[in-house]
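Data block for coords.pdb (PDB, C-alpha atoms):
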ATOM      1  CA  MET A 705     -15.219 -27.981   8.617  1.00  0.00           C
ATOM      2  CA  THR A 706     -15.134 -27.553   4.835  1.00  0.00           C
ATOM      3  CA  TRP A 707     -11.374 -28.049   4.869  1.00  0.00           C
ATOM      4  CA  TRP A 708     -11.718 -31.257   6.894  1.00  0.00           C
ATOM      5  CA  LEU A 709     -14.382 -32.637   4.545  1.00  0.00           C
ATOM      6  CA  ARG A 710     -12.235 -31.858   1.516  1.00  0.00           C
ATOM      7  CA  VAL A 711      -9.017 -33.285   2.934  1.00  0.00           C
ATOM      8  CA  HIS A 712     -10.745 -36.499   3.977  1.00  0.00           C
ATOM      9  CA  LEU A 713     -12.615 -36.928   0.668  1.00  0.00           C
ATOM     10  CA  VAL A 714     -15.904 -37.292   2.524  1.00  0.00           C
ATOM     11  CA  PRO A 715     -18.207 -36.670  -0.482  1.00  0.00           C
ATOM     12  CA  ALA A 716     -16.345 -39.274  -2.573  1.00  0.00           C
ATOM     13  CA  ALA A 717     -16.357 -41.794   0.293  1.00  0.00           C
ATOM     14  CA  CYS A 718     -20.103 -41.359   0.838  1.00  0.00           C
ATOM     15  CA  ALA A 719     -20.726 -41.684  -2.903  1.00  0.00           C
ATOM     16  CA  GLY A 720     -18.692 -44.903  -2.892  1.00  0.00           C
ATOM     17  CA  VAL A 721     -20.846 -46.438  -0.163  1.00  0.00           C
ATOM     18  CA  LEU A 722     -24.027 -45.510  -2.019  1.00  0.00           C
ATOM     19  CA  ALA A 723     -22.655 -46.755  -5.360  1.00  0.00           C
ATOM     20  CA  CYS A 724     -21.779 -50.104  -3.790  1.00  0.00           C
ATOM     21  CA  LEU A 725     -25.304 -50.611  -2.544  1.00  0.00           C
ATOM     22  CA  VAL A 726     -26.809 -49.505  -5.867  1.00  0.00           C
ATOM     23  CA  LEU A 727     -24.524 -51.781  -7.915  1.00  0.00           C
ATOM     24  CA  ALA A 728     -24.915 -54.839  -5.667  1.00  0.00           C
ATOM     25  CA  PRO A 729     -28.393 -55.844  -6.948  1.00  0.00           C
ATOM     26  CA  LEU A 730     -27.230 -55.353 -10.537  1.00  0.00           C
ATOM     27  CA  LEU A 731     -24.351 -57.788  -9.977  1.00  0.00           C
ATOM     28  CA  ALA A 732     -26.421 -60.350  -8.071  1.00  0.00           C
ATOM     29  CA  GLY A 733     -26.005 -63.092 -10.671  1.00  0.00           C
ATOM     30  CA  SER A 734     -22.220 -62.836 -10.978  1.00  0.00           C
ATOM     31  CA  ALA A 735     -19.620 -64.706  -8.954  1.00  0.00           C
ATOM     32  CA  LEU A 736     -15.903 -64.229  -8.449  1.00  0.00           C
ATOM     33  CA  PRO A 737     -14.087 -67.538  -9.035  1.00  0.00           C
ATOM     34  CA  VAL A 738     -11.561 -68.103  -6.277  1.00  0.00           C
ATOM     35  CA  PRO A 739      -9.665 -71.362  -5.887  1.00  0.00           C
ATOM     36  CA  SER A 740     -10.135 -73.095  -2.578  1.00  0.00           C
ATOM     37  CA  LEU A 741      -7.036 -74.430  -0.891  1.00  0.00           C
ATOM     38  CA  LEU A 742      -9.227 -77.082   0.702  1.00  0.00           C
ATOM     39  CA  GLY A 743     -10.588 -78.660  -2.446  1.00  0.00           C
ATOM     40  CA  GLY A 744      -9.950 -77.183  -5.880  1.00  0.00           C
ATOM     41  CA  LEU A 745     -12.048 -74.549  -7.580  1.00  0.00           C
ATOM     42  CA  GLY A 746     -15.225 -73.870  -5.665  1.00  0.00           C
ATOM     43  CA  THR A 747     -18.405 -72.282  -6.918  1.00  0.00           C
ATOM     44  CA  GLY A 748     -16.998 -68.803  -6.342  1.00  0.00           C
ATOM     45  CA  ILE A 749     -18.040 -65.898  -4.180  1.00  0.00           C
ATOM     46  CA  PRO A 750     -21.027 -63.780  -5.204  1.00  0.00           C
ATOM     47  CA  VAL A 751     -19.664 -60.400  -6.320  1.00  0.00           C
ATOM     48  CA  PRO A 752     -22.078 -58.434  -4.072  1.00  0.00           C
ATOM     49  CA  LEU A 753     -20.406 -60.011  -1.020  1.00  0.00           C
ATOM     50  CA  VAL A 754     -16.944 -58.850  -2.124  1.00  0.00           C
ATOM     51  CA  LEU A 755     -18.020 -55.470  -3.520  1.00  0.00           C
ATOM     52  CA  PRO A 756     -18.282 -53.723  -0.093  1.00  0.00           C
ATOM     53  CA  ALA A 757     -14.521 -54.127   0.361  1.00  0.00           C
ATOM     54  CA  VAL A 758     -13.999 -51.319  -2.174  1.00  0.00           C
ATOM     55  CA  PRO A 759     -15.942 -48.524  -0.412  1.00  0.00           C
ATOM     56  CA  ALA A 760     -14.819 -49.772   3.005  1.00  0.00           C
ATOM     57  CA  GLY A 761     -11.171 -49.601   1.974  1.00  0.00           C
ATOM     58  CA  PHE A 762     -11.653 -46.179   0.398  1.00  0.00           C
ATOM     59  CA  LEU A 763     -13.464 -44.851   3.469  1.00  0.00           C
ATOM     60  CA  LEU A 764     -10.661 -46.089   5.713  1.00  0.00           C
ATOM     61  CA  TYR A 765      -8.070 -44.494   3.436  1.00  0.00           C
ATOM     62  CA  ALA A 766      -9.960 -41.225   3.144  1.00  0.00           C
ATOM     63  CA  LEU A 767     -10.586 -40.761   6.848  1.00  0.00           C
ATOM     64  CA  SER A 768      -7.005 -41.600   7.784  1.00  0.00           C
ATOM     65  CA  ARG A 769      -5.565 -38.956   5.448  1.00  0.00           C
ATOM     66  CA  GLY A 770      -4.523 -35.587   6.657  1.00  0.00           C
ATOM     67  CA  PRO A 771      -2.246 -34.087   9.241  1.00  0.00           C
ATOM     68  CA  PHE A 772      -3.105 -35.728  12.549  1.00  0.00           C
ATOM     69  CA  GLU A 773      -0.765 -33.303  14.301  1.00  0.00           C
ATOM     70  CA  HIS A 774      -3.120 -30.457  13.356  1.00  0.00           C
ATOM     71  CA  GLU A 775      -6.220 -32.445  14.214  1.00  0.00           C
ATOM     72  CA  ALA A 776      -4.812 -33.250  17.658  1.00  0.00           C
ATOM     73  CA  THR A 777      -4.900 -29.563  18.525  1.00  0.00           C
ATOM     74  CA  ALA A 778      -8.148 -28.740  16.732  1.00  0.00           C
ATOM     75  CA  VAL A 779     -10.912 -27.013  18.603  1.00  0.00           C
ATOM     76  CA  ARG A 780     -13.592 -28.969  16.780  1.00  0.00           C
ATOM     77  CA  PRO A 781     -14.217 -32.620  17.697  1.00  0.00           C
ATOM     78  CA  VAL A 782     -12.641 -34.149  14.574  1.00  0.00           C
ATOM     79  CA  ARG A 783     -12.363 -37.585  16.203  1.00  0.00           C
ATOM     80  CA  GLY A 784     -16.105 -37.451  16.711  1.00  0.00           C
ATOM     81  CA  TYR A 785     -16.575 -36.492  13.062  1.00  0.00           C
ATOM     82  CA  ARG A 786     -14.573 -39.524  11.996  1.00  0.00           C
ATOM     83  CA  ALA A 787     -16.457 -41.910  14.295  1.00  0.00           C
ATOM     84  CA  GLY A 788     -19.741 -40.362  13.174  1.00  0.00           C
ATOM     85  CA  LEU A 789     -18.889 -40.966   9.526  1.00  0.00           C
ATOM     86  CA  TYR A 790     -18.003 -44.599  10.183  1.00  0.00           C
ATOM     87  CA  ALA A 791     -21.221 -45.098  12.137  1.00  0.00           C
ATOM     88  CA  GLY A 792     -23.227 -43.174   9.536  1.00  0.00           C
ATOM     89  CA  ALA A 793     -21.861 -45.360   6.738  1.00  0.00           C
ATOM     90  CA  ALA A 794     -22.852 -48.458   8.719  1.00  0.00           C
ATOM     91  CA  VAL A 795     -26.384 -47.165   9.380  1.00  0.00           C
ATOM     92  CA  VAL A 796     -26.927 -46.091   5.757  1.00  0.00           C
ATOM     93  CA  ALA A 797     -25.635 -49.446   4.517  1.00  0.00           C
ATOM     94  CA  ALA A 798     -27.928 -51.340   6.878  1.00  0.00           C
ATOM     95  CA  ALA A 799     -30.968 -49.253   5.924  1.00  0.00           C
ATOM     96  CA  LEU A 800     -30.343 -49.586   2.192  1.00  0.00           C
ATOM     97  CA  GLY A 801     -29.555 -53.291   2.486  1.00  0.00           C
ATOM     98  CA  LEU A 802     -32.823 -53.952   4.276  1.00  0.00           C
ATOM     99  CA  ALA A 803     -34.733 -51.754   1.814  1.00  0.00           C
ATOM    100  CA  GLU A 804     -33.261 -53.661  -1.131  1.00  0.00           C
ATOM    101  CA  ALA A 805     -34.219 -56.957   0.453  1.00  0.00           C
ATOM    102  CA  GLN A 806     -37.774 -55.749   0.998  1.00  0.00           C
ATOM    103  CA  TRP A 807     -38.488 -53.756  -2.162  1.00  0.00           C
ATOM    104  CA  LEU A 808     -36.223 -55.367  -4.755  1.00  0.00           C
ATOM    105  CA  ASP A 809     -36.394 -58.915  -3.409  1.00  0.00           C
ATOM    106  CA  PHE A 810     -32.576 -58.836  -3.264  1.00  0.00           C
ATOM    107  CA  ASP A 811     -31.759 -61.465  -0.645  1.00  0.00           C
ATOM    108  CA  LEU A 812     -28.100 -60.446  -0.470  1.00  0.00           C
ATOM    109  CA  GLY A 813     -28.930 -56.844   0.527  1.00  0.00           C
ATOM    110  CA  PRO A 814     -28.499 -57.383   4.284  1.00  0.00           C
ATOM    111  CA  ALA A 815     -25.368 -59.458   3.646  1.00  0.00           C
ATOM    112  CA  VAL A 816     -23.853 -56.637   1.575  1.00  0.00           C
ATOM    113  CA  ALA A 817     -24.516 -54.184   4.410  1.00  0.00           C
ATOM    114  CA  ARG A 818     -23.182 -56.677   6.975  1.00  0.00           C
ATOM    115  CA  ASN A 819     -19.990 -57.139   4.972  1.00  0.00           C
ATOM    116  CA  LEU A 820     -19.455 -53.382   4.645  1.00  0.00           C
ATOM    117  CA  VAL A 821     -19.730 -53.026   8.415  1.00  0.00           C
ATOM    118  CA  GLY A 822     -17.471 -56.018   9.037  1.00  0.00           C
ATOM    119  CA  TYR A 823     -14.841 -54.856   6.541  1.00  0.00           C
ATOM    120  CA  LEU A 824     -14.806 -51.438   8.207  1.00  0.00           C
ATOM    121  CA  GLY A 825     -14.319 -53.135  11.571  1.00  0.00           C
ATOM    122  CA  VAL A 826     -11.397 -55.225  10.326  1.00  0.00           C
ATOM    123  CA  GLY A 827      -9.806 -52.155   8.762  1.00  0.00           C
ATOM    124  CA  LEU A 828     -10.212 -50.083  11.919  1.00  0.00           C
ATOM    125  CA  ILE A 829      -8.668 -52.826  14.048  1.00  0.00           C
ATOM    126  CA  VAL A 830      -5.687 -53.166  11.718  1.00  0.00           C
ATOM    127  CA  GLN A 831      -5.234 -49.394  11.489  1.00  0.00           C
ATOM    128  CA  SER A 832      -5.210 -49.155  15.280  1.00  0.00           C
ATOM    129  CA  LEU A 833      -2.658 -51.919  15.695  1.00  0.00           C
ATOM    130  CA  ALA A 834      -0.417 -51.599  12.629  1.00  0.00           C
ATOM    131  CA  GLY A 835      -0.948 -48.135  11.173  1.00  0.00           C
ATOM    132  CA  ALA A 836      -3.278 -46.277   8.858  1.00  0.00           C
ATOM    133  CA  ALA A 837      -1.729 -47.590   5.641  1.00  0.00           C
ATOM    134  CA  TYR A 838      -2.567 -51.212   6.445  1.00  0.00           C
ATOM    135  CA  GLY A 839      -6.329 -50.897   6.994  1.00  0.00           C
ATOM    136  CA  PRO A 840      -7.388 -50.883   3.318  1.00  0.00           C
ATOM    137  CA  VAL A 841      -4.934 -53.698   2.549  1.00  0.00           C
ATOM    138  CA  ALA A 842      -6.428 -55.831   5.308  1.00  0.00           C
ATOM    139  CA  VAL A 843      -9.936 -55.142   4.006  1.00  0.00           C
ATOM    140  CA  ALA A 844      -8.930 -56.374   0.553  1.00  0.00           C
ATOM    141  CA  ALA A 845      -7.310 -59.484   2.020  1.00  0.00           C
ATOM    142  CA  VAL A 846     -10.292 -60.590   4.131  1.00  0.00           C
ATOM    143  CA  PRO A 847     -12.657 -61.895   1.406  1.00  0.00           C
ATOM    144  CA  VAL A 848      -9.811 -63.479  -0.559  1.00  0.00           C
ATOM    145  CA  GLY A 849      -8.372 -65.153   2.535  1.00  0.00           C
ATOM    146  CA  CYS A 850     -11.783 -66.414   3.605  1.00  0.00           C
ATOM    147  CA  ALA A 851     -12.414 -67.823   0.136  1.00  0.00           C
ATOM    148  CA  LEU A 852      -9.031 -69.542  -0.004  1.00  0.00           C
ATOM    149  CA  VAL A 853      -9.330 -71.409   3.292  1.00  0.00           C
ATOM    150  CA  GLY A 854     -12.940 -71.070   4.404  1.00  0.00           C
ATOM    151  CA  LEU A 855     -14.946 -72.387   1.491  1.00  0.00           C
ATOM    152  CA  PRO A 856     -14.803 -76.153   1.087  1.00  0.00           C
ATOM    153  CA  ALA A 857     -15.497 -77.399  -2.428  1.00  0.00           C
ATOM    154  CA  GLY A 858     -19.241 -77.734  -2.915  1.00  0.00           C
ATOM    155  CA  GLY A 859     -19.969 -77.085   0.756  1.00  0.00           C
ATOM    156  CA  ARG A 860     -21.235 -74.307   2.938  1.00  0.00           C
ATOM    157  CA  PRO A 861     -18.780 -71.736   4.275  1.00  0.00           C
ATOM    158  CA  TYR A 862     -17.332 -72.336   7.707  1.00  0.00           C
ATOM    159  CA  PRO A 863     -18.945 -70.349  10.536  1.00  0.00           C
ATOM    160  CA  TRP A 864     -15.874 -68.139  11.020  1.00  0.00           C
ATOM    161  CA  THR A 865     -15.945 -66.948   7.387  1.00  0.00           C
ATOM    162  CA  TRP A 866     -18.621 -64.333   7.970  1.00  0.00           C
ATOM    163  CA  PRO A 867     -18.102 -62.506   4.611  1.00  0.00           C
ATOM    164  CA  LEU A 868     -19.064 -65.627   2.643  1.00  0.00           C
ATOM    165  CA  HIS A 869     -22.433 -66.254   4.300  1.00  0.00           C
ATOM    166  CA  GLU A 870     -25.102 -65.301   1.792  1.00  0.00           C
ATOM    167  CA  GLY A 871     -28.295 -65.284   3.803  1.00  0.00           C
ATOM    168  CA  PRO A 872     -29.262 -63.515   6.985  1.00  0.00           C
ATOM    169  CA  SER A 873     -26.836 -65.401   9.200  1.00  0.00           C
ATOM    170  CA  PRO A 874     -27.049 -64.358  12.871  1.00  0.00           C
ATOM    171  CA  SER A 875     -23.491 -65.529  13.572  1.00  0.00           C
ATOM    172  CA  ALA A 876     -22.085 -63.632  10.572  1.00  0.00           C
ATOM    173  CA  SER A 877     -23.988 -60.488  11.549  1.00  0.00           C
ATOM    174  CA  ALA A 878     -22.794 -60.757  15.142  1.00  0.00           C
ATOM    175  CA  ALA A 879     -19.199 -61.207  13.975  1.00  0.00           C
ATOM    176  CA  ALA A 880     -19.384 -58.168  11.687  1.00  0.00           C
ATOM    177  CA  LEU A 881     -20.977 -55.964  14.359  1.00  0.00           C
ATOM    178  CA  GLY A 882     -18.478 -57.167  16.948  1.00  0.00           C
ATOM    179  CA  LEU A 883     -15.538 -56.370  14.674  1.00  0.00           C
ATOM    180  CA  PHE A 884     -16.986 -52.923  13.972  1.00  0.00           C
ATOM    181  CA  ALA A 885     -17.506 -52.142  17.666  1.00  0.00           C
ATOM    182  CA  VAL A 886     -14.007 -53.334  18.599  1.00  0.00           C
ATOM    183  CA  GLY A 887     -12.543 -51.354  15.694  1.00  0.00           C
ATOM    184  CA  LEU A 888     -14.241 -48.135  16.793  1.00  0.00           C
ATOM    185  CA  LEU A 889     -13.112 -48.630  20.386  1.00  0.00           C
ATOM    186  CA  LEU A 890      -9.523 -49.399  19.412  1.00  0.00           C
ATOM    187  CA  ARG A 891      -9.403 -46.515  16.958  1.00  0.00           C
ATOM    188  CA  ARG A 892     -10.669 -44.116  19.580  1.00  0.00           C
ATOM    189  CA  ARG A 893      -8.163 -45.363  22.134  1.00  0.00           C
ATOM    190  CA  ALA A 894      -5.294 -45.208  19.621  1.00  0.00           C
ATOM    191  CA  ARG A 895      -6.172 -41.656  18.608  1.00  0.00           C
ATOM    192  CA  GLY A 896      -6.623 -40.670  22.255  1.00  0.00           C
ATOM    193  CA  ALA A 897      -3.091 -41.828  23.001  1.00  0.00           C
ATOM    194  CA  HIS A 898      -1.721 -39.555  20.258  1.00  0.00           C
ATOM    195  CA  THR A 899      -3.544 -36.432  21.352  1.00  0.00           C
TER     196      THR A 899
END

Could you rewrite the structure in this file as structure tokens?
Amino acid sequence: MTWWLRVHLVPAACAGVLACLVLAPLLAGSALPVPSLLGGLGTGIPVPLVLPAVPAGFLLYALSRGPFEHEATAVRPVRGYRAGLYAGAAVVAAALGLAEAQWLDFDLGPAVARNLVGYLGVGLIVQSLAGAAYGPVAVAAVPVGCALVGLPAGGRPYPWTWPLHEGPSPSASAAALGLFAVGLLLRRRARGAHT
């Protein structure tokens, strides 16, 4: 177990998730200027909504490292460990996001947690379909792509651009949770086919 944790950089990945949620309230007033292809330079994306892409990409990278040939014959349920870490990261993010919203009056707290879960889902889907190397790349591309084509100048984000919704949006939360659930199912099926 110690070997698996070390190979998959689990302590660093968990620290990254926690650091993201600690830094998000500190960066609440900053925005990332991204040009909109639909109407010039928009108001930008709040940095806390983009920040979860970093720990999500690192977690996807870390948990896809290692010799899968050895893990396929392992006695311990390493696929369960991996799924448990993804689910644990999502639960911790949700709990801390809600706590920040309640105690720190940080309205973006739930949106930060939602985006972490959604980015993980996108990465898991891409890793299942295209390979482990492409998951973190896809996670980095999601907020930029949404900002380029999903944020009209001076307007509200389109409904399908779930990472850009600032408040507690039910449709954005449903999209993120749906992506995460599909990603876990596809990842499990893809790994099951290799074992």

With a cut-off of 10 Å, could you pull out the residues of range 772-850 of chain A touching range 705-712 of chain A and give me the nearest pair of atoms for each, distance in Å to one decimal, using only C-alpha atoms, ordered by chain and ascending number, as a Markdown table?
| residue | atom | partner | partner_atom | distance |
| --- | --- | --- | --- | --- |
| A:Glu775 | CA | A:Trp708 | CA | 9.2 |
| A:Arg780 | CA | A:Met705 | CA | 8.4 |
| A:Val782 | CA | A:Trp708 | CA | 8.3 |
| A:Tyr785 | CA | A:Trp708 | CA | 9.4 |
| A:Arg786 | CA | A:His712 | CA | 9.4 |

With all atoms listed in the file as the atoms that count, which of A:Ala851, A:Val751, A:Ala836, A:Leu881 lies nearest to Val738 in chain A? A:Ala851

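Close contacts of range 752-765 of chain A, defined as residues with an atom at most 6 Å away when counting only C-alpha atoms, with chain neighbours fewer than 2 positions off set aside, comprise A:Ala717, A:Gly720, A:Val721, A:Ala728, A:Pro750, A:Leu767, A:Ser768, A:Val816, A:Leu820, A:Leu824, A:Pro840, A:Val843.
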
If we count all atoms listed in the file, what is near range 874-877 of chain A at a cut-off of 9 Å, once residues fewer than 5 positions away on the same chain are taken out, given as a PyMOL selection string? chain A and resi 815+818-819+822+863-869+882

Just give me the gap between CA of Leu736 in chain A and CA of Cys850 in chain A in Å, one decimal is fine.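 Separation between CA of Leu736 in chain A and CA of Cys850 in chain A: 12.9 Å.
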
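Counting all atoms listed in the file and comparing A:Pro715, A:Arg892, A:Leu730, A:Gly871, the residue that lies closest to Asp811 in chain A is A:Gly871.
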
Please indicate the distance in Å from CA of Gly792 in chain A to CA of Leu713 in chain A, rounded to one decimal place. 15.2 Å

Point-to-point distance in Å for CA of Ala805 in chain A and CA of Val841 in chain A: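 Between CA of Val841 in chain A and CA of Ala805 in chain A the gap is 29.5 Å.
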
I need the residue nearest Ala791 in chain A from this list: A:Arg893, A:Gly887, A:Pro847, A:Ile829. Use only C-alpha atoms for the distance.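 The closest residue to Ala791 in chain A is A:Gly887.
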
Looking at A:Ala735, A:Ala845, A:Val830, A:Val726, which one is nearest to Ala803 in chain A, with distances taken over all atoms listed in the file? A:Val726

In terms of the shortest atom-to-atom distance over all atoms listed in the file, which of A:Leu808, A:Val821, A:Val846, A:Leu889 is closest to Tyr790 in chain A?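 So, comparing all the options, the nearest one is A:Val821.
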
Please identify all polymer residues within 12 Å of Gly788 in chain A, counting only C-alpha atoms, omitting same-chain residues fewer than 5 positions from it, and present them as a list in words.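 Listing them by chain and then by number gives Val714, Leu767, Pro781, Val782, Arg783, Ala793, Ala794, Val795, Val796, Leu888 and Arg892 of chain A.
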
Listed atoms of range 835-852 of chain A boxed along x, y and z, 6 Å each side, centre and edge lengths in Å, one decimal, as AutoDock Vina command-line options:
--center_x -6.8 --center_y -57.9 --center_z 5.3 --size_x 23.7 --size_y 35.3 --size_z 23.7
